[in-house]
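Novice: Below is a structure I'd like to ask you about.
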Amino acid sequence: MQDAERKLLSLLMPEGLLDYFDIIDVSKVDGELHIYLDERNIAPSGYENSKLESKGFMPVSQIK
(Lines give C-alpha, C1' and ligand atoms only; values in the text may rest on other atoms or scores of the structure.)
Protein backbone atom coordinates (compact mmCIF):
# COMPACT_ATOMS: atom_id res chain seq x y z
CA MET A 1 0.00 0.00 0.00
CA GLN A 2 1.26 3.44 -0.90
CA ASP A 3 2.25 5.73 1.99
CA ALA A 4 -0.21 8.41 0.82
CA GLU A 5 -3.08 5.89 0.78
CA ARG A 6 -2.17 4.71 4.28
CA LYS A 7 -2.15 8.31 5.57
CA LEU A 8 -5.54 9.01 4.01
CA LEU A 9 -7.09 5.85 5.47
CA SER A 10 -5.61 6.59 8.89
CA LEU A 11 -7.71 9.78 8.97
CA LEU A 12 -10.86 7.63 8.84
CA MET A 13 -9.88 5.43 11.79
CA PRO A 14 -9.36 6.07 15.51
CA GLU A 15 -6.00 7.60 16.38
CA GLY A 16 -3.35 5.02 17.23
CA LEU A 17 -5.17 2.09 15.59
CA LEU A 18 -2.48 1.65 12.94
CA ASP A 19 0.14 1.32 15.71
CA TYR A 20 -1.29 -2.17 16.31
CA PHE A 21 -2.82 -3.12 12.94
CA ASP A 22 -1.69 -3.21 9.30
CA ILE A 23 -4.08 -2.39 6.46
CA ILE A 24 -4.13 -5.46 4.24
CA ASP A 25 -6.91 -4.57 1.79
CA VAL A 26 -9.45 -1.88 0.94
CA SER A 27 -12.55 -2.32 -1.20
CA LYS A 28 -15.75 -0.48 -2.01
CA VAL A 29 -18.88 -2.64 -1.75
CA ASP A 30 -22.37 -1.24 -2.35
CA GLY A 31 -21.20 2.29 -1.61
CA GLU A 32 -19.43 1.26 1.61
CA LEU A 33 -15.69 1.39 2.20
CA HIS A 34 -14.37 -1.91 3.60
CA ILE A 35 -10.96 -1.69 5.28
CA TYR A 36 -9.36 -5.02 6.21
CA LEU A 37 -6.84 -5.00 9.06
CA ASP A 38 -4.39 -7.56 10.39
CA GLU A 39 -3.14 -7.35 13.97
CA ARG A 40 0.60 -6.84 14.31
CA ASN A 41 2.52 -9.31 16.43
CA ILE A 42 3.64 -6.84 19.09
CA ALA A 43 4.30 -7.93 22.67
CA PRO A 44 2.73 -5.77 25.40
CA SER A 45 5.01 -3.42 27.31
CA GLY A 46 7.08 -5.38 29.82
CA TYR A 47 6.79 -8.67 27.92
CA GLU A 48 9.22 -7.98 25.07
CA ASN A 49 11.71 -10.63 26.25
CA SER A 50 9.11 -13.27 27.20
CA LYS A 51 8.21 -16.26 25.08
CA LEU A 52 4.58 -15.60 24.05
CA GLU A 53 2.27 -17.95 22.21
CA SER A 54 -0.62 -16.96 19.94
CA LYS A 55 -3.92 -18.64 20.79
CA GLY A 56 -5.57 -18.22 17.41
CA PHE A 57 -7.81 -15.81 15.57
CA MET A 58 -10.87 -13.88 16.64
CA PRO A 59 -13.98 -13.62 14.46
CA VAL A 60 -14.17 -10.75 11.96
CA SER A 61 -15.55 -7.51 13.44
CA GLN A 62 -17.58 -4.97 11.51
CA ILE A 63 -17.50 -1.38 12.73
CA LYS A 64 -19.94 1.18 11.42
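Chain labels A, B, ... are given in the sequence in which chains occur in the C-alpha coordinates; within each chain residues are numbered consecutively from 1, and ligands are likewise numbered from 1 in the order shown.
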Skipping near chain neighbours, those fewer than 2 positions away, what residues fall within 12 Å of range 10-17 of chain A using only C-alpha atoms, listed as a list in words?
Specialist: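 So, after excluding close chain neighbours, the residues are Asp3, Ala4, Glu5, Arg6, Lys7, Leu8, Asp19, Tyr20, Phe21, Asp22, Ile23, Leu33, His34, Ile35, Tyr36, Leu37, Asp38, Glu39, Arg40, Ile63 and Lys64 of chain A.
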Novice: Using CA of Asp30 in chain A and CA of Met58 in chain A as the two end points, give the distance in Å to one decimal.
Specialist: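 CA of Asp30 in chain A sits 25.5 Å away from CA of Met58 in chain A.
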